[in-house]
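Okay, so here's the structure we're looking at.
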Amino acid sequence: MKDYYEILGVPRGASQEQIKRAFRRLALKYHPDRNQGNPEAEERFKEINEAYSCLSDPQRRAQYDAGAYQPSAQGFGFSWADVFEDIFEDFFGVFGPGTRRRGPKPQRGADLRYELDITLQEAAQGAERTISVAAHVACAECRGTGAKGGSPSVCPDCRGSGAVRYQRGFFAISRTCPRCQGLGQVVLQPCPRCHGRGKVHAERTITVQIPPGVEQGTKLRVAGYGEGGLYGGPPGDLYVVLSIQEDARFKRQGADIIYELPLSVAQAVLGAQVEVPTLWGPQSLRIPPGVQPGEVLTLKGMGMPRMDGRGRGQQHVVIKVQIPTRLSEEERKLFEELARLQGQPAGPKEGFKEKLKNIFA
């Protein structure tokens, strides 16, 4: 395998800036335009480009350092002219006559984020919510050009070519026009609405469809509702991030719902038919006699919808037996009779003070 570091004359730990400077120097020295009829210089220039193609790309460089890099038989994914033009553009302009114009490329607008609070029931059943989102969008009056009437003027410096040419010795050098930044057009009369910026601030009303079964942090993408693009680029997207509010009645565990059902002692002992709230409306549930505190009964299919379409989860009903803290005289007698029948002592033991009170009562 060729030693690309040696070809460029840099150490193995060289930074990207060192590699770039070395390539500049060698590419200028061995460029075919400066060495016409010299096959050795042409071959050297090929090696320089090959080495730079590998070492200027972090992923390729890592593969090369690990000994796993294989140069593509189809070439390196770039032309000599493209690489030479890219590396020299910030050095002294675009090299050589007849080079293409390198004006600003269309830029996609930035994405926007909107956090939306929803209820657990909305997360279960799905919902339609209307939100208002502020963004900078393309100005309709100038069609995003920034020019009054929507028609920018031809740049007087480059006459619309986007590049100006300089002669430096035997080099014919072309560089991006500093006035129009390569666009070939300038705004002489700014749009009165956007003041030449090409964008305006707008508040847009958007309807968001929330599918059933969404989870905490789910991101919903609304295409094209982000910031407007530059130089004719497309707008970004809007990402609606869902935050599910806590529910006082239910707790969620994946696709399942947990609900604590309060029962009286009598219901727990004798059993009962009760109505249980769910995310899908009240459901009847049979309580078997002698149910124990903490026991779990299940309502099938009353949980959250699964996002993969595999039906709904379950609702687990946890039994919570409520012990009364105050009893009427009749209730107390009934519990004391129950305790007597079961052969269990009932009530607190009578202390010495209570016995004295009863003697002298």
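Ordering of the structure tokens sets the chain letters (A, B, ...), residue numbers begin anew at 1 in every chain, and ligands are numbered from 1 in the order given.
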| request: Can you check which residues of stretch 102-350 of chain A DSSP gives as strand (DSSP E) on the backbone and send them as a PyMOL selection string? | output: chain A and resi 112-118+127-138+153-154+163-168+171-176+185-186+199-210+219-222+238-244+250-253+256-264+272-276+283-287+296-299+315-322
| query | Near A:Ser264, within 12 Å and counting only C-alpha atoms, which residues show up once chain neighbours fewer than 6 positions away are dropped, as number ranges by chain? | reply | A: 270-272, 274, 287, 290-293, 319-325
Resulting file, chosen residues, N, CA, C and O atoms, as a JSON list (two decimals), in the first residue's frame:
```json
[["chain", "number", "residue", "atom", "x", "y", "z"],
["A", 270, "LEU", "N", -67.16, -10.40, 50.81],
["A", 270, "LEU", "CA", -68.34, -11.02, 50.20],
["A", 270, "LEU", "C", -68.28, -11.08, 48.68],
["A", 270, "LEU", "O", -69.04, -11.82, 48.06],
["A", 271, "GLY", "N", -67.36, -10.27, 48.08],
["A", 271, "GLY", "CA", -67.34, -10.17, 46.62],
["A", 271, "GLY", "C", -68.34, -9.12, 46.17],
["A", 271, "GLY", "O", -69.22, -8.70, 46.93],
["A", 272, "ALA", "N", -68.21, -8.67, 44.93],
["A", 272, "ALA", "CA", -69.11, -7.63, 44.44],
["A", 272, "ALA", "C", -68.99, -7.51, 42.93],
["A", 272, "ALA", "O", -68.07, -8.06, 42.31],
["A", 274, "VAL", "N", -68.56, -4.43, 40.43],
["A", 274, "VAL", "CA", -68.30, -2.99, 40.50],
["A", 274, "VAL", "C", -68.01, -2.44, 39.10],
["A", 274, "VAL", "O", -67.74, -3.18, 38.15],
["A", 287, "ILE", "N", -65.75, -8.90, 41.38],
["A", 287, "ILE", "CA", -64.80, -9.07, 42.47],
["A", 287, "ILE", "C", -65.12, -10.39, 43.16],
["A", 287, "ILE", "O", -66.21, -10.56, 43.72],
["A", 290, "GLY", "N", -63.56, -12.89, 49.05],
["A", 290, "GLY", "CA", -62.30, -13.16, 49.71],
["A", 290, "GLY", "C", -61.08, -12.62, 48.97],
["A", 290, "GLY", "O", -59.96, -13.08, 49.22],
["A", 291, "VAL", "N", -61.29, -11.66, 48.09],
["A", 291, "VAL", "CA", -60.15, -11.09, 47.37],
["A", 291, "VAL", "C", -59.20, -10.43, 48.37],
["A", 291, "VAL", "O", -59.62, -9.84, 49.37],
["A", 292, "GLN", "N", -57.90, -10.54, 48.12],
["A", 292, "GLN", "CA", -56.90, -10.06, 49.07],
["A", 292, "GLN", "C", -56.36, -8.67, 48.65],
["A", 292, "GLN", "O", -56.28, -8.35, 47.46],
["A", 293, "PRO", "N", -55.95, -7.86, 49.63],
["A", 293, "PRO", "CA", -55.32, -6.58, 49.30],
["A", 293, "PRO", "C", -54.07, -6.80, 48.44],
["A", 293, "PRO", "O", -53.26, -7.70, 48.72],
["A", 319, "ILE", "N", -56.19, -4.36, 43.85],
["A", 319, "ILE", "CA", -57.18, -4.24, 44.92],
["A", 319, "ILE", "C", -56.57, -3.50, 46.12],
["A", 319, "ILE", "O", -55.50, -3.86, 46.61],
["A", 320, "LYS", "N", -57.27, -2.46, 46.57],
["A", 320, "LYS", "CA", -56.88, -1.70, 47.77],
["A", 320, "LYS", "C", -58.07, -1.74, 48.74],
["A", 320, "LYS", "O", -59.10, -1.10, 48.49],
["A", 321, "VAL", "N", -57.94, -2.53, 49.80],
["A", 321, "VAL", "CA", -59.04, -2.65, 50.77],
["A", 321, "VAL", "C", -58.97, -1.47, 51.74],
["A", 321, "VAL", "O", -57.92, -1.23, 52.38],
["A", 322, "GLN", "N", -60.07, -0.76, 51.86],
["A", 322, "GLN", "CA", -60.13, 0.41, 52.74],
["A", 322, "GLN", "C", -60.61, -0.02, 54.13],
["A", 322, "GLN", "O", -61.70, -0.57, 54.29],
["A", 323, "ILE", "N", -59.79, 0.23, 55.13],
["A", 323, "ILE", "CA", -60.14, -0.08, 56.52],
["A", 323, "ILE", "C", -60.79, 1.16, 57.13],
["A", 323, "ILE", "O", -60.19, 2.23, 57.14],
["A", 324, "PRO", "N", -62.02, 1.03, 57.62],
["A", 324, "PRO", "CA", -62.68, 2.21, 58.19],
["A", 324, "PRO", "C", -61.98, 2.70, 59.45],
["A", 324, "PRO", "O", -61.51, 1.90, 60.27],
["A", 325, "THR", "N", -61.87, 4.00, 59.58],
["A", 325, "THR", "CA", -61.23, 4.59, 60.77],
["A", 325, "THR", "C", -62.26, 4.97, 61.83],
["A", 325, "THR", "O", -61.90, 5.14, 63.00]]
```
| said: Quick check, in Å to one decimal: how far apart do atom CA of A:Arg340 and atom CA of A:Leu327 lie? | reply: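 If I compute the distance from atom CA of A:Arg340 to atom CA of A:Leu327, I get 17.5 Å.
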| query | Which of these residues is nearest to A:Arg179, using only C-alpha atoms: A:Ser53, A:Cys191, A:Arg129, A:Cys155? | reply |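 So, comparing all the options, the nearest one is A:Cys155.
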Do you have, as JSON lines, the list of residues of stretch 108-135 of chain A lying at most 7 Å from stretch 200-203 of chain A, each with its nearest atom pair and that distance in Å to one decimal, counting only C-alpha atoms and ordered by chain then number?
```
{"residue": "A:Ser132", "atom": "CA", "partner": "A:Glu203", "partner_atom": "CA", "distance": 6.4}
{"residue": "A:Val133", "atom": "CA", "partner": "A:Glu203", "partner_atom": "CA", "distance": 5.6}
{"residue": "A:Ala134", "atom": "CA", "partner": "A:Glu203", "partner_atom": "CA", "distance": 4.3}
{"residue": "A:Ala135", "atom": "CA", "partner": "A:Ala202", "partner_atom": "CA", "distance": 5.6}
```
| task | Find the distance between atom CA of A:Pro277 and atom CA of A:Glu115 and write it in Å to one decimal. | result |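 Taking atom CA of A:Pro277 and atom CA of A:Glu115, their separation equals 29.1 Å.
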| query | Expressed in Å to a single decimal, how great is the separation between atom CA of A:Asp308 and atom CA of A:Thr205? | reply | 29.9 Å
| said: From the options A:Ala339, A:Ala268, A:Ile48, A:Leu120, which residue's atoms come nearest to A:Arg286, counting only C-alpha atoms? | reply: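 Answer, going by the shortest atom-to-atom distance: A:Ala268.
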| said: Show me, as a list in words, the residues that have an atom within 8 Å of A:Glu122 when counting only C-alpha atoms, minus same-chain residues fewer than 4 positions from it. | reply: Ile118, Gly126, Ala127, Ile210 and Pro212 of chain A
Kindly export the residues of the current selection with C-alpha atoms, as a compact mmCIF listing (two decimals), in the first residue's frame.
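As a result, selection_12.txt now contains:
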```
# COMPACT_ATOMS: atom_id res chain seq x y z
CA ILE A 118 -51.32 16.00 25.80
CA GLY A 126 -55.38 9.76 19.31
CA ALA A 127 -56.32 13.38 18.81
CA ILE A 210 -51.67 12.54 17.05
CA PRO A 212 -53.19 6.42 19.04
```
| task | Could you tell me which of A:Cys180, A:Leu8, A:Ala14, A:Leu220 comes closest to A:Arg159 if we count only C-alpha atoms? | result |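 Smallest distance to A:Arg159 is found for A:Cys180.
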| From the list A:Leu183, A:Val276, A:Leu188, A:Ala68, which residue is nearest A:Pro152 when using only C-alpha atoms? | A:Leu188
| Picked from stretch 128-318 of chain A by DSSP as helix (DSSP H, G or I), as number ranges by chain | A: 148-150, 265-270
Report as a tab-separated table: every residue of stretch 100-211 of chain A with an atom at most 12 Å from stretch 227-249 of chain A, its closest pair of atoms, and their distance in Å to one decimal, counting only C-alpha atoms, with rows sorted by chain and ascending residue number.
```
residue	atom	partner	partner_atom	distance
A:Gly103	CA	A:Tyr231	CA	9.8
A:Pro104	CA	A:Tyr231	CA	7.2
A:Lys105	CA	A:Tyr231	CA	6.8
A:Pro106	CA	A:Gly233	CA	4.3
A:Gln107	CA	A:Gly233	CA	4.6
A:Arg108	CA	A:Gly229	CA	4.6
A:Gly109	CA	A:Gly229	CA	3.9
A:Ala110	CA	A:Gly236	CA	4.9
A:Asp111	CA	A:Gly236	CA	4.6
A:Leu112	CA	A:Leu238	CA	4.7
A:Arg113	CA	A:Tyr239	CA	4.9
A:Tyr114	CA	A:Val240	CA	4.8
A:Glu115	CA	A:Val241	CA	4.8
A:Leu116	CA	A:Leu242	CA	5.1
A:Asp117	CA	A:Ser243	CA	4.8
A:Ile118	CA	A:Ile244	CA	5.1
A:Thr119	CA	A:Gln245	CA	5.2
A:Leu120	CA	A:Ile244	CA	6.0
A:Gln121	CA	A:Asp247	CA	8.8
A:Glu122	CA	A:Ile244	CA	8.7
A:Ala123	CA	A:Ile244	CA	7.2
A:Ala124	CA	A:Ile244	CA	10.4
A:Ala127	CA	A:Leu242	CA	12.0
A:Arg129	CA	A:Val240	CA	11.0
A:Thr130	CA	A:Val240	CA	11.5
A:Ile131	CA	A:Val240	CA	9.8
A:Ser132	CA	A:Val240	CA	11.5
A:Val133	CA	A:Leu238	CA	9.0
A:Ala134	CA	A:Glu227	CA	9.0
A:Ala135	CA	A:Glu227	CA	5.5
A:His136	CA	A:Glu227	CA	5.4
A:Val137	CA	A:Gly228	CA	4.5
A:Ala138	CA	A:Gly228	CA	5.7
A:Cys139	CA	A:Gly228	CA	9.3
A:Ala140	CA	A:Gly228	CA	11.7
A:Arg143	CA	A:Gly232	CA	9.5
A:Gly144	CA	A:Gly232	CA	7.7
A:Thr145	CA	A:Tyr231	CA	7.8
A:Gly146	CA	A:Tyr231	CA	10.3
A:Gln181	CA	A:Tyr231	CA	11.5
A:Gly182	CA	A:Tyr231	CA	11.4
A:Leu183	CA	A:Tyr231	CA	8.9
A:Gln185	CA	A:Tyr231	CA	11.5
A:Arg197	CA	A:Leu230	CA	9.9
A:Gly198	CA	A:Leu230	CA	8.3
A:Lys199	CA	A:Gly228	CA	7.3
A:Val200	CA	A:Gly228	CA	9.2
A:His201	CA	A:Glu227	CA	9.7
A:Ala202	CA	A:Glu227	CA	10.1
A:Glu203	CA	A:Glu227	CA	11.6
A:Arg204	CA	A:Leu238	CA	11.5
A:Ile206	CA	A:Leu238	CA	10.1
A:Thr207	CA	A:Val240	CA	11.0
A:Val208	CA	A:Val240	CA	8.3
A:Gln209	CA	A:Val240	CA	10.3
A:Ile210	CA	A:Leu242	CA	9.0
A:Pro211	CA	A:Leu242	CA	11.2
```
| query | Pick from A:Arg25, A:His316, A:Lys333, A:Arg60: nearest to A:Leu261, with only C-alpha atoms counted? | reply | A:His316
| Quick one: residues within 9 Å of stretch 17-23 of chain A, only C-alpha atoms counted, chain neighbours fewer than 2 positions away excluded, as a list in words? | Tyr5, Leu8, Gly9, Val10, Ala14, Ser15, Arg25, Leu26, Ala27, Leu28, Ile48, Asn49, Ala51, Tyr52, Leu55, Ser56 and Ile87 of chain A
